[in-house]
file coords14.csv (CSV, C-alpha atoms)
chain,number,residue,atom,x,y,z
A,15,MET,CA,0.0,0.0,0.0
A,16,LYS,CA,1.5,3.3,-1.0
A,17,ASP,CA,2.2,6.2,1.3
A,18,TYR,CA,-0.4,8.4,-0.2
A,19,TYR,CA,-3.2,6.1,1.0
A,20,SER,CA,-2.2,6.7,4.6
A,21,VAL,CA,-4.5,9.0,6.6
A,22,LYS,CA,-1.7,11.6,6.7
A,23,PHE,CA,-1.3,11.8,2.9
A,24,TYR,CA,-5.1,11.6,2.3
A,25,ASN,CA,-5.3,14.7,4.5
A,26,GLU,CA,-2.6,16.4,2.4
A,27,ILE,CA,-4.5,15.6,-0.8
A,28,CYS,CA,-7.7,17.1,0.7
A,29,SER,CA,-5.8,20.3,1.8
A,30,SER,CA,-4.2,20.6,-1.6
A,31,LEU,CA,-7.5,20.4,-3.4
A,32,ILE,CA,-9.4,22.8,-1.0
A,33,ASN,CA,-6.6,25.4,-1.0
A,34,ASN,CA,-5.3,24.9,-4.5
A,35,ILE,CA,-1.7,24.3,-3.4
A,36,PRO,CA,0.9,21.9,-4.9
A,37,LEU,CA,0.9,18.3,-3.8
A,38,ARG,CA,4.3,16.7,-3.0
A,39,GLN,CA,3.5,13.6,-5.1
A,40,TYR,CA,0.6,12.0,-6.8
A,41,SER,CA,0.3,9.2,-9.4
A,42,LEU,CA,-2.9,8.2,-11.2
A,43,ASN,CA,-1.5,5.3,-13.1
A,44,ASN,CA,1.1,3.6,-10.9
A,45,THR,CA,-0.8,1.8,-8.1
A,46,ASN,CA,-0.4,-1.8,-7.0
A,47,TYR,CA,-3.7,-2.9,-5.4
A,48,TYR,CA,-3.6,-5.2,-2.4
A,49,ALA,CA,-7.4,-5.4,-1.8
A,50,TYR,CA,-8.6,-8.1,0.5
A,51,HIS,CA,-12.3,-7.3,0.5
A,52,ASN,CA,-14.9,-5.7,-1.7
A,53,LYS,CA,-17.6,-3.6,0.2
A,54,LYS,CA,-20.5,-2.2,-1.8
A,55,ILE,CA,-22.4,0.9,-0.7
A,56,PHE,CA,-25.8,1.6,-2.3
A,57,LEU,CA,-26.7,5.3,-2.3
A,58,SER,CA,-30.2,6.1,-3.2
A,59,GLN,CA,-31.9,9.5,-3.6
A,60,LEU,CA,-34.2,10.9,-1.0
A,61,ASP,CA,-38.0,10.6,-1.5
A,62,ASN,CA,-39.9,13.8,-2.1
A,63,ILE,CA,-41.3,14.1,1.4
A,64,THR,CA,-37.8,13.9,3.0
A,65,GLN,CA,-36.4,16.3,0.4
A,66,ARG,CA,-39.0,18.9,1.5
A,67,LYS,CA,-38.0,18.4,5.2
A,68,LEU,CA,-34.5,19.6,4.4
A,69,TRP,CA,-34.5,23.3,3.6
A,70,PHE,CA,-31.1,23.1,2.0
A,71,TYR,CA,-31.7,20.1,-0.3
A,72,SER,CA,-32.5,22.1,-3.5
A,73,ARG,CA,-29.6,24.4,-2.9
A,74,LEU,CA,-27.2,21.6,-2.3
A,75,LYS,CA,-28.4,19.8,-5.4
A,76,LYS,CA,-28.0,22.9,-7.6
A,77,THR,CA,-24.5,23.5,-6.2
A,78,THR,CA,-23.5,19.9,-6.9
A,79,GLU,CA,-25.0,20.1,-10.4
A,80,ARG,CA,-22.8,23.1,-11.2
A,81,ALA,CA,-19.7,21.3,-10.2
A,82,ILE,CA,-20.7,18.2,-12.2
A,83,LYS,CA,-21.3,20.3,-15.3
A,84,ASN,CA,-17.8,21.8,-14.9
A,85,LYS,CA,-16.4,18.2,-14.6
A,86,LEU,CA,-15.1,18.7,-11.1
A,87,ILE,CA,-17.1,16.0,-9.3
A,88,PHE,CA,-19.6,13.2,-9.9
A,89,ASP,CA,-21.9,13.3,-6.8
A,90,THR,CA,-22.3,14.4,-3.2
A,91,ILE,CA,-23.0,11.8,-0.5
A,92,ILE,CA,-24.7,12.8,2.8
A,93,HIS,CA,-24.1,10.6,5.8
A,94,GLY,CA,-24.1,10.9,9.6
A,95,SER,CA,-27.2,12.2,11.3
A,96,TYR,CA,-28.4,14.0,8.2
A,97,GLY,CA,-27.9,10.7,6.4
A,98,ASP,CA,-30.1,8.6,8.7
A,99,ASP,CA,-32.6,11.4,9.6
A,100,THR,CA,-31.6,11.6,13.3
A,101,TYR,CA,-30.3,15.2,13.2
A,102,THR,CA,-30.8,17.8,15.9
A,103,PHE,CA,-29.7,21.4,16.5
A,104,TYR,CA,-26.4,19.9,17.6
A,105,SER,CA,-25.8,18.1,14.4
A,106,ASP,CA,-23.2,19.1,11.9
A,107,ILE,CA,-23.4,17.8,8.3
A,108,GLU,CA,-21.1,15.1,7.0
A,109,LEU,CA,-20.5,15.2,3.3
A,110,THR,CA,-18.4,13.0,1.1
A,111,ILE,CA,-17.7,14.5,-2.4
A,112,LEU,CA,-17.1,12.0,-5.2
A,113,LEU,CA,-14.4,13.6,-7.2
A,114,ASN,CA,-13.7,13.7,-10.9
A,115,GLU,CA,-10.0,12.8,-11.2
A,116,LYS,CA,-9.5,15.5,-13.8
A,117,ILE,CA,-9.0,18.0,-11.0
A,118,PHE,CA,-5.7,16.2,-10.1
A,119,ILE,CA,-4.2,16.7,-13.5
A,120,ASP,CA,-5.8,19.9,-14.9
A,121,ASP,CA,-4.6,23.0,-13.0
A,122,ASP,CA,-7.6,25.1,-14.2
A,123,LYS,CA,-10.1,22.5,-12.9
A,124,LYS,CA,-8.2,22.2,-9.6
A,125,ARG,CA,-8.5,26.0,-9.2
A,126,LEU,CA,-12.2,25.9,-10.1
A,127,PHE,CA,-12.7,23.1,-7.6
A,128,SER,CA,-11.0,25.2,-4.8
A,129,LEU,CA,-13.2,28.2,-5.7
A,130,TRP,CA,-16.3,26.0,-5.7
A,131,ILE,CA,-15.6,24.7,-2.2
A,132,LYS,CA,-14.8,28.2,-0.8
A,133,ASN,CA,-17.5,30.2,-2.6
A,134,GLU,CA,-20.4,27.7,-2.7
A,135,MET,CA,-20.0,24.6,-0.5
A,136,LEU,CA,-18.5,26.1,2.7
A,137,PRO,CA,-21.0,28.9,2.9
A,138,LEU,CA,-23.8,26.4,2.5
A,139,VAL,CA,-22.4,24.1,5.2
A,140,TYR,CA,-22.1,27.0,7.6
A,141,ARG,CA,-25.7,27.9,6.9
A,142,ILE,CA,-26.7,24.3,7.8
A,143,ASP,CA,-24.6,24.3,10.9
A,144,PRO,CA,-23.1,27.6,12.1
A,145,LEU,CA,-20.9,25.7,14.5
A,146,GLN,CA,-19.5,23.2,11.9
A,147,HIS,CA,-16.0,22.2,13.1
A,148,HIS,CA,-14.8,19.8,10.4
A,149,GLY,CA,-14.5,19.8,6.7
A,150,PHE,CA,-15.4,17.4,3.8
A,151,PHE,CA,-14.5,13.8,3.0
A,152,PHE,CA,-13.4,13.0,-0.5
A,153,LEU,CA,-13.5,9.8,-2.6
A,154,TRP,CA,-12.0,9.4,-6.0
A,155,ASN,CA,-11.5,6.3,-8.3
A,156,GLU,CA,-8.0,5.4,-7.2
A,157,LEU,CA,-8.8,5.7,-3.5
A,158,ILE,CA,-12.1,3.7,-4.0
A,159,ASN,CA,-10.0,0.9,-5.5
A,160,ASN,CA,-7.5,0.9,-2.7
A,161,TYR,CA,-9.5,2.2,0.3
A,162,ASN,CA,-8.1,2.7,3.8
A,163,GLU,CA,-10.8,2.4,6.4
A,164,SER,CA,-8.7,4.4,8.9
A,165,ILE,CA,-10.0,7.5,6.9
A,166,ILE,CA,-13.6,6.6,7.6
A,167,PRO,CA,-15.0,3.0,8.0
A,168,VAL,CA,-17.2,1.8,5.1
A,169,CYS,CA,-20.0,1.1,7.6
A,170,ALA,CA,-20.4,4.9,8.1
A,171,TYR,CA,-22.0,4.9,4.6
A,172,GLU,CA,-24.6,2.3,5.3
A,173,LYS,CA,-27.2,4.8,6.2
A,174,SER,CA,-26.6,7.5,3.7
A,175,TRP,CA,-27.9,9.0,0.5
A,176,SER,CA,-26.6,10.8,-2.5
A,177,LEU,CA,-28.0,13.4,-4.8
A,178,PHE,CA,-27.8,11.3,-7.9
A,179,SER,CA,-27.9,7.6,-6.8
A,180,LYS,CA,-24.7,5.8,-6.9
A,181,THR,CA,-23.4,2.3,-6.2
A,182,ILE,CA,-19.8,2.3,-5.1
A,183,CYS,CA,-17.6,-0.8,-4.5
A,184,LEU,CA,-14.8,0.1,-2.1
A,185,ARG,CA,-11.9,-2.3,-2.2
A,186,THR,CA,-10.5,-2.1,1.3
A,187,THR,CA,-6.8,-2.8,1.9
A,188,GLU,CA,-4.5,-4.3,4.4
A,189,THR,CA,-3.8,-1.3,6.7
A,190,THR,CA,-2.5,-0.5,10.1
A,191,ILE,CA,-6.1,0.5,11.2
A,192,LYS,CA,-5.6,-1.1,14.7
A,193,ASN,CA,-2.5,0.9,15.4
A,194,THR,CA,-3.9,4.1,13.9
A,195,ASN,CA,-7.0,3.9,16.1
A,196,ARG,CA,-4.9,3.1,19.2
A,197,ILE,CA,-2.9,6.2,18.6
A,198,ASN,CA,-6.1,8.2,18.0
A,199,LEU,CA,-7.6,6.9,21.2
A,200,LYS,CA,-4.6,7.8,23.3
A,201,LEU,CA,-4.1,11.2,21.7
A,202,THR,CA,-7.8,12.1,22.0
A,203,ILE,CA,-7.9,11.1,25.7
A,204,GLN,CA,-4.8,13.3,26.3
A,205,LYS,CA,-6.4,16.3,24.6
A,206,LEU,CA,-9.7,15.9,26.4
A,207,CYS,CA,-7.9,15.8,29.7
A,208,GLU,CA,-5.8,18.9,28.8
A,209,SER,CA,-8.9,20.7,27.8
A,210,GLN,CA,-7.7,24.3,28.4
A,211,LYS,CA,-4.8,23.8,26.0
A,212,TYR,CA,-6.7,22.1,23.2
A,213,PHE,CA,-10.4,23.3,23.5
A,214,PHE,CA,-11.1,26.1,25.9
A,215,LYS,CA,-8.3,28.6,25.2
A,216,PHE,CA,-10.9,31.2,24.4
A,217,GLY,CA,-13.5,30.2,27.0
A,218,TYR,CA,-16.4,27.8,27.3
A,219,THR,CA,-18.1,28.8,24.1
A,220,PRO,CA,-20.8,26.7,22.4
A,221,TYR,CA,-18.3,26.0,19.5
A,222,ALA,CA,-15.6,24.8,22.0
A,223,ILE,CA,-18.1,22.8,24.0
A,224,LYS,CA,-19.4,21.1,20.8
A,225,ARG,CA,-15.9,20.3,19.6
A,226,TYR,CA,-15.1,18.8,23.0
A,227,ILE,CA,-18.2,16.6,23.2
A,228,SER,CA,-17.8,15.5,19.6
A,229,ASN,CA,-14.2,14.5,20.2
A,230,PHE,CA,-15.4,12.6,23.3
A,231,PHE,CA,-18.0,10.7,21.3
A,232,MET,CA,-15.2,9.4,19.1
A,233,LEU,CA,-13.5,7.6,22.0
A,234,PRO,CA,-15.8,4.5,21.8
A,235,VAL,CA,-15.2,4.3,18.0
A,236,TYR,CA,-11.4,4.3,18.5
A,237,TYR,CA,-11.7,1.9,21.4
A,238,TYR,CA,-13.5,-0.8,19.4
A,239,GLN,CA,-11.6,-0.1,16.1
A,240,GLN,CA,-8.3,-0.6,17.8
A,241,ASN,CA,-9.5,-4.1,18.5
A,242,GLY,CA,-10.4,-4.6,14.8
A,243,LEU,CA,-14.2,-4.0,15.2
A,244,LEU,CA,-15.3,-1.6,12.5
A,245,ILE,CA,-18.6,-0.1,13.7
A,246,THR,CA,-20.4,3.2,13.4
A,247,LYS,CA,-20.2,5.9,16.1
A,248,ARG,CA,-23.8,5.3,17.1
A,249,GLU,CA,-23.1,1.5,17.5
A,250,ALA,CA,-20.0,2.2,19.4
A,251,LEU,CA,-21.7,4.5,21.9
A,252,LYS,CA,-24.5,2.0,22.4
A,253,LYS,CA,-22.0,-0.9,22.8
A,254,ILE,CA,-19.9,0.9,25.4
A,255,GLN,CA,-23.0,1.8,27.4
A,256,GLN,CA,-23.7,-1.9,27.7
A,257,SER,CA,-20.2,-2.7,28.9
A,258,ASN,CA,-18.7,-2.6,32.4
A,259,LEU,CA,-17.2,0.8,31.8
A,260,LEU,CA,-19.6,2.5,34.1
A,261,LYS,CA,-17.9,6.0,34.2
A,262,MET,CA,-17.8,6.1,30.4
A,263,SER,CA,-21.4,5.1,30.3
A,264,ASP,CA,-22.4,7.9,32.7
A,265,ALA,CA,-20.4,10.4,30.7
A,266,ILE,CA,-22.0,9.3,27.4
A,267,TYR,CA,-25.4,9.6,29.0
A,268,ALA,CA,-24.7,13.1,30.3
A,269,ALA,CA,-23.1,14.3,27.0
A,270,SER,CA,-26.0,12.7,24.9
A,271,LYS,CA,-28.6,14.5,27.0
A,272,MET,CA,-26.8,17.8,26.4
A,273,ARG,CA,-26.6,17.1,22.7
A,274,ASP,CA,-30.3,16.3,22.4
A,275,SER,CA,-31.3,19.5,24.1
A,276,TRP,CA,-28.8,21.7,22.2
A,277,PRO,CA,-30.1,25.2,21.4
A,278,MET,CA,-30.4,26.4,17.8
A,279,PRO,CA,-27.2,28.3,16.9
A,280,PRO,CA,-27.6,31.8,15.5
A,281,LYS,CA,-28.0,32.1,11.7
A,282,TRP,CA,-25.9,35.2,11.5
A,283,LEU,CA,-22.9,33.2,12.6
A,284,GLY,CA,-23.2,30.8,9.7
A,285,ILE,CA,-23.7,33.6,7.2
A,286,VAL,CA,-20.7,35.6,8.4
A,287,ARG,CA,-18.4,32.5,8.5
A,288,GLY,CA,-19.4,31.6,5.0
A,289,GLU,CA,-18.7,35.1,3.7
A,290,ILE,CA,-15.3,35.2,5.4
A,291,ARG,CA,-14.3,31.9,3.8
A,292,LYS,CA,-14.8,33.5,0.4
A,293,MET,CA,-12.1,36.1,1.1
A,294,SER,CA,-8.4,35.7,0.4
A,295,ILE,CA,-7.0,36.3,3.9
A,296,VAL,CA,-3.9,35.0,5.5
A,297,ASN,CA,-4.5,32.9,8.6
A,298,ILE,CA,-8.2,32.7,7.8
A,299,SER,CA,-8.6,29.8,10.2
A,300,LYS,CA,-7.6,32.0,13.1
A,301,LEU,CA,-10.1,34.6,12.0
A,302,ASP,CA,-12.8,32.0,11.9
A,303,LEU,CA,-11.9,30.7,15.4
A,304,ALA,CA,-12.1,34.3,16.7
A,305,LEU,CA,-15.5,34.7,15.1
A,306,VAL,CA,-17.0,31.5,16.5
A,307,SER,CA,-15.6,32.5,19.9
A,308,ILE,CA,-17.8,35.6,19.9
A,309,TYR,CA,-21.0,33.6,20.3
A,310,ARG,CA,-21.6,32.8,24.0
A,311,ASP,CA,-24.3,31.0,25.9
A,312,LYS,CA,-24.2,31.2,29.7
A,313,LEU,CA,-26.8,28.6,30.3
A,314,LEU,CA,-25.0,26.1,28.0
A,315,LYS,CA,-21.7,26.8,29.7
A,316,ARG,CA,-23.2,26.3,33.2
A,317,GLU,CA,-24.9,23.1,32.2
A,318,PHE,CA,-21.7,21.7,30.7
A,319,GLN,CA,-19.5,22.6,33.6
A,320,LYS,CA,-22.0,21.3,36.2
A,321,PHE,CA,-23.3,18.1,34.6
A,322,VAL,CA,-21.0,17.0,31.8
A,323,PHE,CA,-17.3,18.1,32.0
A,324,SER,CA,-16.3,16.2,35.2
A,325,LYS,CA,-18.0,13.0,34.0
A,326,ILE,CA,-16.1,13.1,30.7
A,327,ILE,CA,-12.8,13.5,32.5
A,328,GLU,CA,-13.7,10.5,34.8
A,329,GLY,CA,-14.7,8.5,31.7
A,330,CYS,CA,-11.4,9.3,30.0
A,331,HIS,CA,-9.4,8.1,33.0
A,332,GLU,CA,-11.4,4.9,33.1
A,333,LEU,CA,-10.9,4.2,29.5
A,334,LYS,CA,-7.2,5.0,29.7
A,335,ASP,CA,-6.8,2.4,32.5
A,336,GLU,CA,-8.2,-0.2,30.1
A,337,LEU,CA,-5.5,0.4,27.6
call {"tool": "encode", "arguments": {"input": "coords14.csv", "output": "structure tokens"}}
result
Amino acid sequence: MKDYYSVKFYNEICSSLINNIPLRQYSLNNTNYYAYHNKKIFLSQLDNITQRKLWFYSRLKKTTERAIKNKLIFDTIIHGSYGDDTYTFYSDIELTILLNEKIFIDDDKKRLFSLWIKNEMLPLVYRIDPLQHHGFFFLWNELINNYNESIIPVCAYEKSWSLFSKTICLRTTETTIKNTNRINLKLTIQKLCESQKYFFKFGYTPYAIKRYISNFFMLPVYYYQQNGLLITKREALKKIQQSNLLKMSDAIYAASKMRDSWPMPPKWLGIVRGEIRKMSIVNISKLDLALVSIYRDKLLKREFQKFVFSKIIEGCHELKDEL
């Protein structure tokens, strides 16, 4: 398996595409496949009733159609809570964009793709979730034929849909997924325990609290995947609550309760974040972080500090002792 199918190089490819910067290496025609299993995902379109429930559906479809017309992509896949219709005000939107590989070899198309992400997709994503704290996932033909489940397990696509109905056969490869997730587990526990350094440098803002809880919810996923069990986040959370890890179970219950009662974030924040992303500004990520830190919610902060934070720390220590 080649280096550019590692998670690290996958992230470099994504950054190169989004920011239209050179990539240190990339080959479209020189890959040796060592696939050990074929996994199909069937992506259907939404029915008309569900389409009408999602205010952003028509805009997302039109945005995707423009990129398809310009031969930048083939489709957009929606997974996570918007994929299985369990979304709340807490939910961010998880999108995987199926790329046209021409953007790797045509500089003009790569530039157009970067502009499309910044001018159309990111503003829409921030409208959907003003507190969105992660970017997009990408699939392209070569990655599909030599897929690394350390990027995102195939099971995450089981309850998902796409705008134009696709069937994708992912050829999963022999990877170091157990070691990768063991490292992710230890690192995430460390960051959660050192919360002031990694999350709350600018205070207990809704954005920071959401990032903290979202990172905590990944612990069960890493915990089971380090043992070779590839399951979704929802399944991992449920499974660990049925285990003998009582402090983790209590922490998940408290964090889930907070997630389910999460207040609607302000629309202005999503609009402004989207407009800023369109600008050519140095250190735009720092400006974005400063912007989301403006939005405060005293009630949310009080609830988190009183009922959730200490339980998460206790759960982290319990899980760490299991390693």
call {"tool": "atom_distance", "arguments": {"input": "coords14.csv", "atom1": "CA of Tyr212 in chain A", "atom2": "CA of Arg310 in chain A"}}
result
18.4 Å
call {"tool": "residues_around", "arguments": {"input": "coords14.csv", "residues": "Asp89 in chain A", "least_positions_apart": "4", "cutoff": "9 Å", "atoms": "all atoms listed in the file", "output": "count of residues only"}}
result
13
call {"tool": "closest_residue", "arguments": {"input": "coords14.csv", "among": "A:Arg141, A:Arg291, A:Lys205, A:Lys54", "to": "Ile158 in chain A", "atoms": "only C-alpha atoms"}}
result
A:Lys54
call {"tool": "atom_distance", "arguments": {"input": "coords14.csv", "atom1": "CA of Val322 in chain A", "atom2": "CA of Gly284 in chain A"}}
result
26.1 Å
call {"tool": "residues_around", "arguments": {"input": "coords14.csv", "residues": "Phe150 in chain A", "least_positions_apart": "5", "cutoff": "10 Å", "atoms": "only C-alpha atoms", "output": "list in words"}}
result
Cys28, Ile32, Ile107, Glu108, Leu109, Thr110, Ile111, Ile131, Met135, Leu136 and Val139 of chain A
call {"tool": "residues_near_point", "arguments": {"input": "coords14.csv", "point": "(-22.3, 8.2, 16.1)", "cutoff": "8 Å", "atoms": "only C-alpha atoms", "output": "NGL selection string"}}
result
:A and (94-95 or 231-232 or 246-251)
call {"tool": "closest_residue", "arguments": {"input": "coords14.csv", "among": "A:Asn160, A:Tyr236, A:Lys132, A:Leu283", "to": "Ile298 in chain A", "atoms": "all atoms listed in the file"}}
result
A:Lys132
call {"tool": "decode", "arguments": {"input": "coords14.csv", "residues": "range 50-79 of chain A", "atoms": "N, CA and C atoms", "output": "PDB file, in the first residue's frame"}}
result
ATOM      1  N   TYR A  50      -8.290  -6.809  -0.052  1.00  0.00           N
ATOM      2  CA  TYR A  50      -8.641  -8.090   0.532  1.00  0.00           C
ATOM      3  C   TYR A  50     -10.145  -8.263   0.675  1.00  0.00           C
ATOM      4  N   HIS A  51     -10.900  -7.200   0.413  1.00  0.00           N
ATOM      5  CA  HIS A  51     -12.347  -7.344   0.537  1.00  0.00           C
ATOM      6  C   HIS A  51     -13.046  -6.245  -0.256  1.00  0.00           C
ATOM      7  N   ASN A  52     -14.105  -6.632  -0.952  1.00  0.00           N
ATOM      8  CA  ASN A  52     -14.925  -5.655  -1.670  1.00  0.00           C
ATOM      9  C   ASN A  52     -16.163  -5.325  -0.841  1.00  0.00           C
ATOM     10  N   LYS A  53     -16.420  -4.050  -0.630  1.00  0.00           N
ATOM     11  CA  LYS A  53     -17.569  -3.618   0.158  1.00  0.00           C
ATOM     12  C   LYS A  53     -18.395  -2.631  -0.655  1.00  0.00           C
ATOM     13  N   LYS A  54     -19.626  -3.024  -0.967  1.00  0.00           N
ATOM     14  CA  LYS A  54     -20.497  -2.165  -1.764  1.00  0.00           C
ATOM     15  C   LYS A  54     -21.342  -1.261  -0.872  1.00  0.00           C
ATOM     16  N   ILE A  55     -21.500  -0.025  -1.322  1.00  0.00           N
ATOM     17  CA  ILE A  55     -22.449   0.882  -0.676  1.00  0.00           C
ATOM     18  C   ILE A  55     -23.462   1.331  -1.727  1.00  0.00           C
ATOM     19  N   PHE A  56     -24.726   1.211  -1.380  1.00  0.00           N
ATOM     20  CA  PHE A  56     -25.816   1.570  -2.292  1.00  0.00           C
ATOM     21  C   PHE A  56     -26.401   2.905  -1.843  1.00  0.00           C
ATOM     22  N   LEU A  57     -26.252   3.897  -2.669  1.00  0.00           N
ATOM     23  CA  LEU A  57     -26.666   5.251  -2.322  1.00  0.00           C
ATOM     24  C   LEU A  57     -27.892   5.635  -3.137  1.00  0.00           C
ATOM     25  N   SER A  58     -29.010   5.710  -2.482  1.00  0.00           N
ATOM     26  CA  SER A  58     -30.245   6.070  -3.169  1.00  0.00           C
ATOM     27  C   SER A  58     -30.527   7.560  -2.972  1.00  0.00           C
ATOM     28  N   GLN A  59     -31.454   8.078  -3.766  1.00  0.00           N
ATOM     29  CA  GLN A  59     -31.891   9.455  -3.598  1.00  0.00           C
ATOM     30  C   GLN A  59     -32.980   9.524  -2.537  1.00  0.00           C
ATOM     31  N   LEU A  60     -33.174  10.704  -1.989  1.00  0.00           N
ATOM     32  CA  LEU A  60     -34.235  10.900  -1.006  1.00  0.00           C
ATOM     33  C   LEU A  60     -35.596  10.916  -1.678  1.00  0.00           C
ATOM     34  N   ASP A  61     -36.611  10.461  -0.954  1.00  0.00           N
ATOM     35  CA  ASP A  61     -37.969  10.596  -1.471  1.00  0.00           C
ATOM     36  C   ASP A  61     -38.406  12.060  -1.369  1.00  0.00           C
ATOM     37  N   ASN A  62     -39.451  12.411  -2.066  1.00  0.00           N
ATOM     38  CA  ASN A  62     -39.881  13.817  -2.144  1.00  0.00           C
ATOM     39  C   ASN A  62     -40.248  14.396  -0.782  1.00  0.00           C
ATOM     40  N   ILE A  63     -40.856  13.598   0.077  1.00  0.00           N
ATOM     41  CA  ILE A  63     -41.263  14.089   1.403  1.00  0.00           C
ATOM     42  C   ILE A  63     -40.043  14.465   2.227  1.00  0.00           C
ATOM     43  N   THR A  64     -39.025  13.610   2.244  1.00  0.00           N
ATOM     44  CA  THR A  64     -37.811  13.892   3.006  1.00  0.00           C
ATOM     45  C   THR A  64     -37.052  15.063   2.405  1.00  0.00           C
ATOM     46  N   GLN A  65     -37.064  15.170   1.085  1.00  0.00           N
ATOM     47  CA  GLN A  65     -36.420  16.308   0.432  1.00  0.00           C
ATOM     48  C   GLN A  65     -37.002  17.627   0.935  1.00  0.00           C
ATOM     49  N   ARG A  66     -38.325  17.667   1.053  1.00  0.00           N
ATOM     50  CA  ARG A  66     -38.984  18.905   1.487  1.00  0.00           C
ATOM     51  C   ARG A  66     -38.694  19.231   2.949  1.00  0.00           C
ATOM     52  N   LYS A  67     -38.363  18.221   3.742  1.00  0.00           N
ATOM     53  CA  LYS A  67     -38.025  18.449   5.154  1.00  0.00           C
ATOM     54  C   LYS A  67     -36.699  19.188   5.304  1.00  0.00           C
ATOM     55  N   LEU A  68     -35.823  19.004   4.342  1.00  0.00           N
ATOM     56  CA  LEU A  68     -34.490  19.606   4.415  1.00  0.00           C
ATOM     57  C   LEU A  68     -34.480  20.904   3.610  1.00  0.00           C
ATOM     58  N   TRP A  69     -34.433  22.016   4.304  1.00  0.00           N
ATOM     59  CA  TRP A  69     -34.529  23.315   3.629  1.00  0.00           C
ATOM     60  C   TRP A  69     -33.390  23.530   2.631  1.00  0.00           C
ATOM     61  N   PHE A  70     -32.243  22.882   2.875  1.00  0.00           N
ATOM     62  CA  PHE A  70     -31.065  23.117   2.046  1.00  0.00           C
ATOM     63  C   PHE A  70     -30.959  22.159   0.865  1.00  0.00           C
ATOM     64  N   TYR A  71     -31.880  21.204   0.742  1.00  0.00           N
ATOM     65  CA  TYR A  71     -31.731  20.146  -0.261  1.00  0.00           C
ATOM     66  C   TYR A  71     -31.598  20.704  -1.679  1.00  0.00           C
ATOM     67  N   SER A  72     -32.509  21.573  -2.077  1.00  0.00           N
ATOM     68  CA  SER A  72     -32.497  22.075  -3.460  1.00  0.00           C
ATOM     69  C   SER A  72     -31.236  22.888  -3.736  1.00  0.00           C
ATOM     70  N   ARG A  73     -30.776  23.631  -2.737  1.00  0.00           N
ATOM     71  CA  ARG A  73     -29.564  24.435  -2.927  1.00  0.00           C
ATOM     72  C   ARG A  73     -28.335  23.530  -3.041  1.00  0.00           C
ATOM     73  N   LEU A  74     -28.275  22.493  -2.219  1.00  0.00           N
ATOM     74  CA  LEU A  74     -27.165  21.554  -2.294  1.00  0.00           C
ATOM     75  C   LEU A  74     -27.146  20.847  -3.647  1.00  0.00           C
ATOM     76  N   LYS A  75     -28.324  20.499  -4.128  1.00  0.00           N
ATOM     77  CA  LYS A  75     -28.407  19.813  -5.419  1.00  0.00           C
ATOM     78  C   LYS A  75     -27.951  20.723  -6.555  1.00  0.00           C
ATOM     79  N   LYS A  76     -28.387  21.977  -6.545  1.00  0.00           N
ATOM     80  CA  LYS A  76     -27.984  22.915  -7.594  1.00  0.00           C
ATOM     81  C   LYS A  76     -26.481  23.176  -7.556  1.00  0.00           C
ATOM     82  N   THR A  77     -25.949  23.310  -6.344  1.00  0.00           N
ATOM     83  CA  THR A  77     -24.509  23.523  -6.185  1.00  0.00           C
ATOM     84  C   THR A  77     -23.723  22.337  -6.722  1.00  0.00           C
ATOM     85  N   THR A  78     -24.193  21.137  -6.417  1.00  0.00           N
ATOM     86  CA  THR A  78     -23.538  19.924  -6.903  1.00  0.00           C
ATOM     87  C   THR A  78     -23.644  19.823  -8.427  1.00  0.00           C
ATOM     88  N   GLU A  79     -24.798  20.150  -8.971  1.00  0.00           N
ATOM     89  CA  GLU A  79     -25.005  20.091 -10.426  1.00  0.00           C
ATOM     90  C   GLU A  79     -24.040  21.013 -11.162  1.00  0.00           C
TER      91      GLU A  79
END
